[in-house]
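Structure file data19.csv; described as CSV, C-alpha atoms.
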```
chain,number,residue,atom,x,y,z
A,1,MET,CA,26.2,-11.4,-21.5
A,2,ASN,CA,29.0,-10.3,-19.1
A,3,ASN,CA,28.9,-10.9,-15.3
A,4,ASN,CA,27.9,-7.4,-14.4
A,5,GLN,CA,24.9,-7.6,-16.7
A,6,LYS,CA,23.9,-10.9,-15.1
A,7,ILE,CA,24.2,-9.4,-11.6
A,8,THR,CA,22.2,-6.3,-12.6
A,9,LEU,CA,19.4,-8.3,-14.2
A,10,GLN,CA,19.2,-10.4,-11.1
A,11,ALA,CA,19.1,-7.2,-9.1
A,12,THR,CA,16.1,-6.0,-11.2
A,13,ARG,CA,14.4,-9.3,-10.3
A,14,GLY,CA,15.0,-8.7,-6.6
A,15,ALA,CA,13.6,-5.2,-6.9
A,16,ALA,CA,10.5,-6.5,-8.7
A,17,ALA,CA,10.0,-9.2,-6.0
A,18,PHE,CA,10.3,-6.5,-3.3
A,19,PHE,CA,7.7,-4.3,-4.9
A,20,VAL,CA,5.3,-7.2,-5.2
A,21,LEU,CA,5.9,-7.9,-1.5
A,22,LEU,CA,5.4,-4.2,-0.6
A,23,PHE,CA,2.1,-3.8,-2.6
A,24,HIS,CA,0.7,-7.0,-1.0
A,25,THR,CA,1.7,-5.8,2.4
A,26,SER,CA,-0.3,-2.6,1.8
A,27,ALA,CA,-3.3,-4.6,0.6
A,28,MET,CA,-3.2,-6.9,3.7
A,29,SER,CA,-2.7,-3.9,5.9
A,30,PHE,CA,-5.9,-2.5,4.7
A,31,LYS,CA,-7.7,-5.8,5.4
A,32,TYR,CA,-6.3,-6.2,8.9
A,33,TYR,CA,-5.7,-2.6,10.1
A,34,GLN,CA,-7.9,-0.5,7.7
A,35,TYR,CA,-4.6,1.3,7.0
A,36,ASP,CA,-3.3,2.1,3.5
A,37,LEU,CA,0.5,1.7,3.7
A,38,LEU,CA,2.2,4.4,1.7
A,39,GLY,CA,-1.2,5.0,0.0
A,40,ILE,CA,-0.6,2.1,-2.5
A,41,SER,CA,-3.3,-0.4,-1.6
A,42,SER,CA,-5.6,1.1,-4.3
A,43,ILE,CA,-3.1,1.1,-7.1
A,44,GLY,CA,-3.6,-2.6,-7.9
A,45,ARG,CA,-0.8,-4.5,-9.7
A,46,SER,CA,2.7,-3.2,-8.9
A,47,GLY,CA,4.0,-4.4,-12.3
A,48,GLY,CA,6.4,-6.7,-10.6
A,49,VAL,CA,4.9,-9.9,-12.0
A,50,ASP,CA,4.6,-8.3,-15.4
A,51,PHE,CA,8.3,-7.5,-15.2
A,52,PHE,CA,8.9,-11.2,-14.5
A,53,PHE,CA,6.9,-12.2,-17.6
A,54,LEU,CA,9.0,-9.9,-19.8
A,55,LEU,CA,12.2,-10.9,-18.2
A,56,THR,CA,11.4,-14.6,-18.7
A,57,GLY,CA,10.9,-14.1,-22.4
A,58,PHE,CA,14.1,-12.1,-22.5
A,59,LEU,CA,16.3,-14.6,-20.7
A,60,LEU,CA,14.9,-17.7,-22.5
A,61,PHE,CA,15.4,-16.1,-25.9
A,62,ARG,CA,18.9,-15.0,-24.9
A,63,THR,CA,19.7,-18.5,-23.9
A,64,TYR,CA,17.9,-20.7,-26.4
A,65,GLY,CA,16.8,-18.3,-29.2
A,66,HIS,CA,19.5,-19.5,-31.5
A,67,LYS,CA,18.1,-23.1,-31.2
A,68,ILE,CA,14.6,-22.3,-32.4
A,69,GLY,CA,13.7,-24.4,-35.4
A,70,THR,CA,16.6,-26.8,-34.8
A,71,GLN,CA,14.6,-29.8,-33.7
A,72,MET,CA,16.6,-30.1,-30.6
A,73,PRO,CA,15.7,-32.6,-27.8
A,74,VAL,CA,13.5,-30.6,-25.5
A,75,LEU,CA,13.3,-32.9,-22.5
A,76,PRO,CA,16.4,-31.5,-20.8
A,77,TYR,CA,15.2,-28.0,-21.4
A,78,LEU,CA,11.7,-28.7,-20.0
A,79,THR,CA,13.1,-30.6,-17.0
A,80,LYS,CA,15.3,-27.7,-16.0
A,81,ARG,CA,12.5,-25.2,-16.3
A,82,LEU,CA,9.8,-27.3,-14.6
A,83,ILE,CA,12.1,-28.3,-11.7
A,84,ARG,CA,12.3,-24.6,-11.0
A,85,ILE,CA,8.5,-24.3,-10.9
A,86,TYR,CA,6.8,-27.4,-9.6
A,87,PRO,CA,8.6,-29.0,-6.6
A,88,PHE,CA,8.9,-26.0,-4.4
A,89,TYR,CA,5.4,-24.9,-5.4
A,90,TRP,CA,4.0,-28.3,-4.4
A,91,LEU,CA,5.8,-28.1,-1.1
A,92,ILE,CA,4.3,-24.7,-0.2
A,93,THR,CA,0.8,-25.8,-1.4
A,94,LEU,CA,1.0,-28.9,0.8
A,95,ILE,CA,1.8,-26.7,3.8
A,96,VAL,CA,-1.1,-24.3,3.1
A,97,LEU,CA,-3.7,-26.8,2.0
A,98,PRO,CA,-4.5,-28.4,5.4
A,99,VAL,CA,-5.3,-24.9,6.8
A,100,TYR,CA,-8.4,-24.6,4.5
A,101,PHE,CA,-9.7,-28.0,5.8
A,102,PHE,CA,-9.2,-27.1,9.5
A,103,VAL,CA,-10.1,-23.4,9.2
A,104,PRO,CA,-12.4,-23.0,6.2
A,105,SER,CA,-13.0,-19.3,7.0
A,106,PHE,CA,-9.5,-18.5,5.8
A,107,GLY,CA,-10.5,-19.3,2.3
A,108,TYR,CA,-13.3,-18.7,-0.2
A,109,GLY,CA,-14.7,-22.3,-0.1
A,110,PHE,CA,-13.3,-23.7,-3.3
A,111,GLU,CA,-9.9,-24.6,-1.8
A,112,THR,CA,-11.0,-28.0,-0.5
A,113,ASP,CA,-12.8,-29.0,-3.8
A,114,LYS,CA,-11.1,-32.1,-5.3
A,115,ASP,CA,-11.0,-30.7,-8.9
A,116,THR,CA,-9.6,-27.4,-7.6
A,117,ILE,CA,-6.8,-29.3,-5.7
A,118,ILE,CA,-5.9,-31.4,-8.8
A,119,LYS,CA,-5.9,-28.4,-11.1
A,120,SER,CA,-3.9,-26.4,-8.6
A,121,PHE,CA,-1.1,-29.0,-8.3
A,122,LEU,CA,-0.9,-29.3,-12.1
A,123,LEU,CA,-1.1,-25.5,-12.5
A,124,LEU,CA,-4.0,-25.7,-14.9
A,125,PRO,CA,-5.8,-22.3,-15.2
A,126,GLN,CA,-8.9,-21.8,-13.2
A,127,ALA,CA,-11.4,-19.0,-13.1
A,128,HIS,CA,-11.0,-18.5,-9.3
A,129,GLY,CA,-7.3,-19.1,-9.3
A,130,PRO,CA,-5.3,-21.9,-7.6
A,131,ILE,CA,-5.3,-22.8,-3.9
A,132,LEU,CA,-2.2,-20.6,-3.4
A,133,PRO,CA,-3.5,-17.3,-4.8
A,134,VAL,CA,-0.1,-15.8,-5.7
A,135,ALA,CA,0.6,-18.8,-8.0
A,136,TRP,CA,-1.9,-17.6,-10.7
A,137,SER,CA,1.1,-16.4,-12.7
A,138,LEU,CA,2.8,-19.8,-12.7
A,139,SER,CA,0.2,-21.2,-15.1
A,140,TYR,CA,1.4,-18.7,-17.7
A,141,PHE,CA,5.0,-19.5,-17.1
A,142,VAL,CA,4.3,-23.2,-17.7
A,143,LEU,CA,2.3,-22.3,-20.9
A,144,PHE,CA,5.2,-20.2,-22.2
A,145,TYR,CA,7.8,-22.9,-21.4
A,146,LEU,CA,5.7,-25.5,-23.3
A,147,ALA,CA,5.2,-23.2,-26.2
A,148,PHE,CA,8.9,-22.3,-26.3
A,149,SER,CA,9.8,-26.0,-26.2
A,150,LEU,CA,7.7,-26.6,-29.2
A,151,LEU,CA,9.6,-23.9,-31.1
A,152,LEU,CA,12.8,-25.7,-30.2
A,153,ALA,CA,11.5,-29.1,-31.2
A,154,LEU,CA,10.1,-28.1,-34.6
A,155,GLY,CA,11.9,-27.4,-37.8
A,156,LYS,CA,12.3,-23.8,-38.9
A,157,LYS,CA,9.2,-23.6,-41.1
A,158,PRO,CA,6.8,-25.3,-38.7
A,159,ALA,CA,8.2,-23.2,-35.8
A,160,PHE,CA,7.6,-20.0,-37.8
A,161,ILE,CA,4.1,-21.0,-38.6
A,162,PHE,CA,3.3,-21.9,-35.0
A,163,ALA,CA,4.8,-18.7,-33.6
A,164,SER,CA,2.9,-16.6,-36.3
A,165,ILE,CA,-0.4,-18.2,-35.5
A,166,TRP,CA,0.0,-17.8,-31.7
A,167,ILE,CA,1.1,-14.2,-32.0
A,168,ALA,CA,-1.6,-13.3,-34.5
A,169,LEU,CA,-4.4,-14.8,-32.4
A,170,THR,CA,-3.1,-13.2,-29.2
A,171,LEU,CA,-3.0,-9.8,-31.0
A,172,CYS,CA,-6.5,-10.3,-32.3
A,173,HIS,CA,-7.7,-11.1,-28.8
A,174,PHE,CA,-5.9,-8.1,-27.4
A,175,LEU,CA,-7.2,-5.7,-30.1
A,176,ARG,CA,-10.7,-7.1,-29.8
A,177,VAL,CA,-10.9,-8.0,-33.5
A,178,PRO,CA,-14.6,-8.8,-34.3
A,179,LEU,CA,-15.6,-12.4,-34.3
A,180,ILE,CA,-12.2,-13.8,-33.5
A,181,SER,CA,-11.9,-12.1,-30.1
A,182,ALA,CA,-15.5,-12.9,-29.2
A,183,ASP,CA,-15.0,-16.6,-30.1
A,184,ILE,CA,-11.8,-16.7,-27.9
A,185,ASP,CA,-13.7,-15.1,-25.0
A,186,ARG,CA,-16.4,-17.7,-25.1
A,187,HIS,CA,-13.9,-20.5,-24.3
A,188,PHE,CA,-12.0,-20.4,-21.0
A,189,TYR,CA,-9.0,-22.3,-22.2
A,190,LEU,CA,-8.7,-20.4,-25.5
A,191,ASN,CA,-8.9,-17.2,-23.4
A,192,PHE,CA,-6.0,-18.5,-21.4
A,193,LEU,CA,-3.9,-19.7,-24.5
A,194,PHE,CA,-4.3,-16.3,-26.2
A,195,SER,CA,-4.3,-14.1,-23.1
A,196,ASP,CA,-2.9,-10.6,-23.2
A,197,VAL,CA,-0.3,-11.8,-20.7
A,198,ASN,CA,1.5,-13.8,-23.4
A,199,LEU,CA,2.3,-10.5,-25.2
A,200,GLU,CA,4.6,-9.7,-22.3
A,201,PHE,CA,6.6,-12.9,-22.8
A,202,MET,CA,6.7,-12.2,-26.6
A,203,ALA,CA,7.9,-8.6,-26.0
A,204,GLY,CA,10.7,-10.0,-23.9
A,205,CYS,CA,11.8,-12.3,-26.7
A,206,LEU,CA,11.7,-9.4,-29.3
A,207,LEU,CA,13.7,-7.3,-26.9
A,208,ALA,CA,16.3,-10.0,-26.5
A,209,LYS,CA,16.6,-10.2,-30.3
A,210,TRP,CA,17.1,-6.5,-30.5
A,211,VAL,CA,19.7,-6.4,-27.7
A,212,GLU,CA,21.8,-8.9,-29.6
A,213,GLN,CA,22.8,-6.1,-31.9
A,214,HIS,CA,22.4,-3.0,-29.8
A,215,ARG,CA,24.0,-1.7,-26.6
A,216,SER,CA,23.8,1.7,-25.0
A,217,LYS,CA,26.4,3.6,-23.0
A,218,HIS,CA,23.6,5.4,-21.3
A,219,TYR,CA,22.5,2.4,-19.3
A,220,LYS,CA,22.1,4.4,-16.0
A,221,TRP,CA,19.6,6.7,-17.7
A,222,LEU,CA,17.7,3.9,-19.3
A,223,ILE,CA,17.3,2.2,-15.9
A,224,ALA,CA,16.3,5.5,-14.3
A,225,ILE,CA,13.7,6.3,-17.0
A,226,GLY,CA,12.3,2.8,-16.6
A,227,MET,CA,11.9,3.2,-12.8
A,228,PHE,CA,10.4,6.6,-13.3
A,229,GLY,CA,7.9,5.0,-15.8
A,230,PHE,CA,6.8,2.5,-13.1
A,231,LEU,CA,6.3,5.4,-10.7
A,232,LEU,CA,4.2,7.4,-13.3
A,233,ILE,CA,1.9,4.3,-13.8
A,234,TRP,CA,1.5,3.9,-10.1
A,235,ILE,CA,0.5,7.6,-9.7
A,236,ASN,CA,-1.9,7.5,-12.6
A,237,ASN,CA,-3.5,4.3,-11.3
A,238,LYS,CA,-4.1,5.9,-7.9
A,239,TYR,CA,-5.2,9.4,-9.0
A,240,GLN,CA,-6.9,8.5,-12.3
A,241,PHE,CA,-5.2,11.4,-14.3
A,242,ALA,CA,-5.6,9.5,-17.6
A,243,PRO,CA,-7.9,6.6,-18.5
A,244,LEU,CA,-5.0,4.2,-19.0
A,245,HIS,CA,-5.2,1.2,-16.7
A,246,SER,CA,-4.0,-1.8,-18.7
A,247,TYR,CA,-1.3,-3.7,-17.0
A,248,LEU,CA,0.4,-4.1,-20.4
A,249,LEU,CA,1.6,-0.5,-19.9
A,250,TYR,CA,4.2,-1.9,-17.5
A,251,VAL,CA,5.9,-3.4,-20.6
A,252,ILE,CA,7.2,0.1,-21.5
A,253,PRO,CA,9.2,1.0,-18.4
A,254,ALA,CA,10.2,-2.7,-18.1
A,255,ILE,CA,11.8,-2.5,-21.5
A,256,PHE,CA,13.9,0.5,-20.5
A,257,VAL,CA,15.0,-1.2,-17.3
A,258,LEU,CA,16.1,-4.3,-19.2
A,259,LEU,CA,17.8,-2.3,-22.0
A,260,GLY,CA,19.8,-0.6,-19.3
A,261,ALA,CA,20.6,-3.7,-17.3
A,262,SER,CA,21.7,-5.6,-20.4
A,263,SER,CA,24.1,-2.7,-21.4
A,264,VAL,CA,26.1,-2.5,-18.1
A,265,PRO,CA,29.8,-2.6,-19.0
A,266,GLU,CA,32.0,-5.4,-17.6
A,267,ARG,CA,34.8,-3.2,-16.3
A,268,ILE,CA,33.0,-1.2,-13.6
A,269,GLN,CA,32.4,-1.9,-10.0
A,270,LEU,CA,28.8,-2.3,-9.2
A,271,PRO,CA,27.4,-0.5,-6.1
A,272,ARG,CA,26.9,-2.7,-3.0
A,273,TRP,CA,23.1,-2.1,-3.1
A,274,VAL,CA,23.0,-3.7,-6.5
A,275,LEU,CA,24.8,-6.7,-5.2
A,276,SER,CA,22.4,-6.9,-2.3
A,277,LEU,CA,19.4,-6.7,-4.6
A,278,SER,CA,20.9,-9.5,-6.7
A,279,LYS,CA,20.9,-11.8,-3.7
A,280,LEU,CA,17.3,-10.9,-3.2
A,281,GLY,CA,16.8,-11.8,-6.8
A,282,ASP,CA,18.1,-15.2,-6.2
A,283,ALA,CA,15.2,-15.8,-3.8
A,284,SER,CA,12.6,-14.1,-5.9
A,285,TYR,CA,10.6,-17.2,-6.6
A,286,THR,CA,10.5,-18.1,-2.9
A,287,ILE,CA,9.4,-14.5,-2.2
A,288,LEU,CA,6.7,-14.8,-4.7
A,289,LEU,CA,5.3,-18.0,-3.2
A,290,THR,CA,5.8,-17.4,0.5
A,291,HIS,CA,5.6,-13.7,1.3
A,292,LEU,CA,1.8,-13.6,1.7
A,293,ILE,CA,1.9,-16.5,4.1
A,294,PHE,CA,4.5,-14.7,6.3
A,295,ILE,CA,2.7,-11.4,6.0
A,296,SER,CA,-0.7,-13.0,7.0
A,297,ILE,CA,0.9,-14.8,10.0
A,298,LEU,CA,2.7,-11.7,11.3
A,299,MET,CA,-0.4,-9.4,10.9
A,300,LYS,CA,-2.6,-11.9,12.7
A,301,LEU,CA,0.0,-12.0,15.5
A,302,SER,CA,0.2,-8.2,15.7
A,303,VAL,CA,-3.6,-8.0,16.1
A,304,ALA,CA,-3.8,-10.9,18.6
A,305,THR,CA,-1.0,-9.4,20.8
A,306,HIS,CA,-2.3,-5.8,20.3
A,307,LEU,CA,1.1,-4.8,19.0
A,308,VAL,CA,-0.5,-2.7,16.3
A,309,ASP,CA,-2.3,-0.8,19.0
A,310,TYR,CA,0.9,0.1,20.8
A,311,LEU,CA,3.1,0.8,17.7
A,312,GLY,CA,0.5,2.0,15.2
A,313,PRO,CA,-0.1,0.5,11.8
A,314,LEU,CA,2.7,2.4,10.0
A,315,LEU,CA,5.5,1.1,12.3
A,316,THR,CA,3.9,-2.3,12.5
A,317,ASN,CA,3.8,-2.6,8.7
A,318,LEU,CA,7.5,-1.5,8.4
A,319,ILE,CA,8.5,-4.1,11.0
A,320,ILE,CA,6.6,-6.8,9.1
A,321,VAL,CA,8.3,-5.9,5.8
A,322,ILE,CA,11.7,-5.9,7.5
A,323,CYS,CA,10.9,-9.3,9.0
A,324,VAL,CA,9.3,-10.9,5.9
A,325,VAL,CA,12.3,-10.3,3.6
A,326,PRO,CA,14.8,-12.3,5.6
A,327,LEU,CA,12.2,-14.9,6.4
A,328,CYS,CA,11.6,-15.4,2.6
A,329,HIS,CA,15.4,-15.5,2.0
A,330,MET,CA,15.8,-18.1,4.8
A,331,ALA,CA,13.0,-20.2,3.1
A,332,TYR,CA,15.0,-20.0,-0.1
A,333,ARG,CA,18.3,-21.1,1.5
A,334,LEU,CA,16.8,-23.9,3.6
A,335,ALA,CA,14.1,-25.2,1.3
A,336,GLU,CA,14.0,-24.1,-2.4
A,337,LYS,CA,17.7,-24.0,-3.1
A,338,PRO,CA,18.6,-27.5,-1.6
A,339,LEU,CA,15.4,-29.0,-3.0
A,340,VAL,CA,16.1,-27.9,-6.6
A,341,ALA,CA,19.8,-28.9,-6.3
A,342,GLY,CA,18.9,-32.3,-4.9
A,343,LEU,CA,16.4,-33.0,-7.6
A,344,ARG,CA,19.0,-32.0,-10.3
A,345,ASP,CA,21.5,-34.4,-8.8
A,346,VAL,CA,18.9,-37.2,-8.7
A,347,ILE,CA,17.9,-36.9,-12.3
A,348,LYS,CA,21.3,-35.8,-13.5
A,349,VAL,CA,20.3,-32.4,-15.0
A,350,SER,CA,23.1,-29.9,-15.2
A,351,PRO,CA,22.3,-26.2,-14.8
A,352,SER,CA,21.6,-24.1,-17.9
A,353,ARG,CA,23.6,-21.0,-18.6
A,354,SER,CA,20.8,-19.0,-17.1
A,355,SER,CA,20.6,-21.0,-13.8
A,356,LYS,CA,18.6,-18.5,-11.7
A,357,PRO,CA,14.9,-19.0,-11.2
A,358,VAL,CA,12.9,-17.4,-14.0
A,359,SER,CA,9.7,-16.9,-12.0
```
What would you get if you wrote out this structure as structure tokens?
Amino acid sequence: MNNNQKITLQATRGAAAFFVLLFHTSAMSFKYYQYDLLGISSIGRSGGVDFFFLLTGFLLFRTYGHKIGTQMPVLPYLTKRLIRIYPFYWLITLIVLPVYFFVPSFGYGFETDKDTIIKSFLLLPQAHGPILPVAWSLSYFVLFYLAFSLLLALGKKPAFIFASIWIALTLCHFLRVPLISADIDRHFYLNFLFSDVNLEFMAGCLLAKWVEQHRSKHYKWLIAIGMFGFLLIWINNKYQFAPLHSYLLYVIPAIFVLLGASSVPERIQLPRWVLSLSKLGDASYTILLTHLIFISILMKLSVATHLVDYLGPLLTNLIIVICVVPLCHMAYRLAEKPLVAGLRDVIKVSPSRSSKPVS
């Protein structure tokens, strides 16, 4: 993978994080101002998290796919991956948790329950989600990292058997195969282990395998088609033109975007906006975990100070988005980045070839 491809892939991560932020801003705006920012609060999922799932499978397979079935030591691999996930997540959770004890009305009631707190810190799946609502996706990242580590630790034949069983049962669950799907549905943890979400990780791995042998000179068109595909899904979700509402549809435009990004030639000069988005991509994990906190605080302040009455909800929302992006990036520079670097130094873990945060 050449440097331009790495930068472009990181830029797609930044764009996905921004769309998650924008969609959540619209949802929060409807809650605080009864205003639907850009008319997107009713669309539901932006597809940004689904893109992260696909991208995670893609990057992990590109980095470690050739080591599947080699019985390699997996502790260094798992340490690198989990350092990206847990420490900063714990920090943000510890900041948010006391709020639910002092102001219970901010939550739903389960946030102060002992079992909920323990499971949230461990990122075990829960029906009502973790204390930090946006962290629901992290449980799936951890599951995929653990499953992938098993593929690396096993020999070729056991790895093939394990992967085949996992994929087959996940597909049976997705396709609602009689008996099998019903049995999975009855058990919460089986439902999690064979969730449809895992198909997005698997699709990323398959795409990475295909990209190893294929490149396209029409990379700009591929990225444009992918972005247009996201737009079509958003429009359909809002206006209900067709009865297609599965979030797995986001896999299709995401594949086009990744095909284009992984085909960018090395000997071209990337536009400045791509470089800017790649810097946003560096902070994508921080954006995922902190943006709702910043949005909530700023919206509460705008109501308390009557700023929204003076400026109107549209301008207030735009100001909030403009403020939240640098606030998240500052949190990345001041907290997540030094925290991860410091922990790596302490436990002597060197960065992997794909050193950017996957989530």
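CA of Ala242 in chain A is found 27.2 Å from CA of Ser137 in chain A.
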Protein, DNA and RNA residues within 12 Å of (5.2, -24.8, -34.0), all atoms listed in the file, as a PDB file with C-alpha atoms, in the coordinates of the input:
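Generated file (selection_10.pdb):
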```
ATOM      1  CA  ILE A  68      14.600 -22.300 -32.400  1.00  0.00           C
ATOM      2  CA  GLY A  69      13.700 -24.400 -35.400  1.00  0.00           C
ATOM      3  CA  THR A  70      16.600 -26.800 -34.800  1.00  0.00           C
ATOM      4  CA  GLN A  71      14.600 -29.800 -33.700  1.00  0.00           C
ATOM      5  CA  LEU A 146       5.700 -25.500 -23.300  1.00  0.00           C
ATOM      6  CA  ALA A 147       5.200 -23.200 -26.200  1.00  0.00           C
ATOM      7  CA  PHE A 148       8.900 -22.300 -26.300  1.00  0.00           C
ATOM      8  CA  SER A 149       9.800 -26.000 -26.200  1.00  0.00           C
ATOM      9  CA  LEU A 150       7.700 -26.600 -29.200  1.00  0.00           C
ATOM     10  CA  LEU A 151       9.600 -23.900 -31.100  1.00  0.00           C
ATOM     11  CA  LEU A 152      12.800 -25.700 -30.200  1.00  0.00           C
ATOM     12  CA  ALA A 153      11.500 -29.100 -31.200  1.00  0.00           C
ATOM     13  CA  LEU A 154      10.100 -28.100 -34.600  1.00  0.00           C
ATOM     14  CA  GLY A 155      11.900 -27.400 -37.800  1.00  0.00           C
ATOM     15  CA  LYS A 156      12.300 -23.800 -38.900  1.00  0.00           C
ATOM     16  CA  LYS A 157       9.200 -23.600 -41.100  1.00  0.00           C
ATOM     17  CA  PRO A 158       6.800 -25.300 -38.700  1.00  0.00           C
ATOM     18  CA  ALA A 159       8.200 -23.200 -35.800  1.00  0.00           C
ATOM     19  CA  PHE A 160       7.600 -20.000 -37.800  1.00  0.00           C
ATOM     20  CA  ILE A 161       4.100 -21.000 -38.600  1.00  0.00           C
ATOM     21  CA  PHE A 162       3.300 -21.900 -35.000  1.00  0.00           C
ATOM     22  CA  ALA A 163       4.800 -18.700 -33.600  1.00  0.00           C
ATOM     23  CA  SER A 164       2.900 -16.600 -36.300  1.00  0.00           C
ATOM     24  CA  ILE A 165      -0.400 -18.200 -35.500  1.00  0.00           C
ATOM     25  CA  TRP A 166       0.000 -17.800 -31.700  1.00  0.00           C
ATOM     26  CA  ILE A 167       1.100 -14.200 -32.000  1.00  0.00           C
TER      27      ILE A 167
END
```
Residues of range 51-139 of chain A within 9 Å of range 289-310 of chain A: nearest atom pair and distance (Å, one decimal) for each, counting all atoms listed in the file, sorted by chain and number, as a Markdown table?
```
| residue | atom | partner | partner_atom | distance |
| --- | --- | --- | --- | --- |
| A:Phe88 | CA | A:Leu289 | CA | 8.9 |
| A:Tyr89 | CA | A:Leu289 | CA | 7.2 |
| A:Ile92 | CA | A:Leu289 | CA | 7.4 |
| A:Val96 | CA | A:Ile293 | CA | 8.4 |
| A:Leu132 | CA | A:Leu289 | CA | 7.9 |
| A:Pro133 | CA | A:Leu289 | CA | 9.0 |
| A:Val134 | CA | A:Leu289 | CA | 6.3 |
| A:Ala135 | CA | A:Leu289 | CA | 6.8 |
```
Since we have the selection now, will you write its residues out, keeping C-alpha atoms, as a PDB file, in the coordinates of the input?
```pdb
ATOM      1  CA  PHE A  88       8.900 -26.000  -4.400  1.00  0.00           C
ATOM      2  CA  TYR A  89       5.400 -24.900  -5.400  1.00  0.00           C
ATOM      3  CA  ILE A  92       4.300 -24.700  -0.200  1.00  0.00           C
ATOM      4  CA  VAL A  96      -1.100 -24.300   3.100  1.00  0.00           C
ATOM      5  CA  LEU A 132      -2.200 -20.600  -3.400  1.00  0.00           C
ATOM      6  CA  PRO A 133      -3.500 -17.300  -4.800  1.00  0.00           C
ATOM      7  CA  VAL A 134      -0.100 -15.800  -5.700  1.00  0.00           C
ATOM      8  CA  ALA A 135       0.600 -18.800  -8.000  1.00  0.00           C
TER       9      ALA A 135
END
```
Would you list the residues near (-13.9, -28.3, -4.1) (no more than 12 Å away, in the coordinates of the file, using all atoms listed in the file) as a ChimeraX atom specification? /A:97,100-101,104,107-120,128,130-131
Return as AutoDock Vina command-line options the box centre and box size in Å, one decimal, for an axis-aligned box around all listed atoms of range 67-81 of chain A padded by 6 Å per side.
```
--center_x 14.9 --center_y -27.6 --center_z -25.7 --size_x 18.4 --size_y 22.6 --size_z 31.4
```
Quote the spacing between CA of Leu343 in chain A and CA of Ile85 in chain A in Å to one decimal place. 12.2 Å
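In this model, the gap between CA of Ala261 in chain A and CA of Leu22 in chain A comes to 22.6 Å.
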Considering only C-alpha atoms, can you say which of A:Lys238, A:Arg13, A:Arg215, A:His24 comes closest to Val264 in chain A? A:Arg215
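Here the question is which of A:Pro243, A:Gly260, A:Gly14, A:Pro73 gets nearest to Cys328 in chain A using all atoms listed in the file, and that residue is A:Gly14.
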Measuring between all atoms listed in the file, which one of A:Phe58, A:Trp234, A:Trp136, A:Tyr145 shows the shortest distance to Arg81 in chain A? A:Tyr145
Could you build a table of the residues in range 141-258 of chain A lying no more than 6 Å from range 48-57 of chain A, giving for each the nearest pair of atoms and their separation in Å rounded to one decimal place, using all atoms listed in the file, ordered by chain and ascending residue number, as a Markdown table?
```
| residue | atom | partner | partner_atom | distance |
| --- | --- | --- | --- | --- |
| A:Glu200 | CA | A:Leu54 | CA | 5.1 |
| A:Phe201 | CA | A:Gly57 | CA | 4.5 |
| A:Gly204 | CA | A:Gly57 | CA | 4.4 |
| A:Cys205 | CA | A:Gly57 | CA | 4.7 |
| A:Ala254 | CA | A:Phe51 | CA | 5.9 |
```
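Between Tyr250 in chain A and the residues A:Ala17, A:Ala203, A:Leu277, A:Ile319, the shortest atom-to-atom distance, using only C-alpha atoms, involves A:Ala203.
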For each of A:Leu91, A:Ile287, A:Val325, A:Leu259, take the minimum atom-to-atom distance to His214 in chain A, counting only C-alpha atoms, then give the residue where this is smallest. A:Leu259
Do you know which residues are at most 10 Å from Asp36 in chain A counting only C-alpha atoms, after dropping those on the same chain fewer than 5 positions away, and could you put them as a ChimeraX atom specification? /A:25-31,41-42,313-314,317
Ranking A:Val142, A:Leu37, A:Ile223, A:Met202 by minimum distance to Thr12 in chain A and counting all atoms listed in the file, which one comes first? A:Ile223
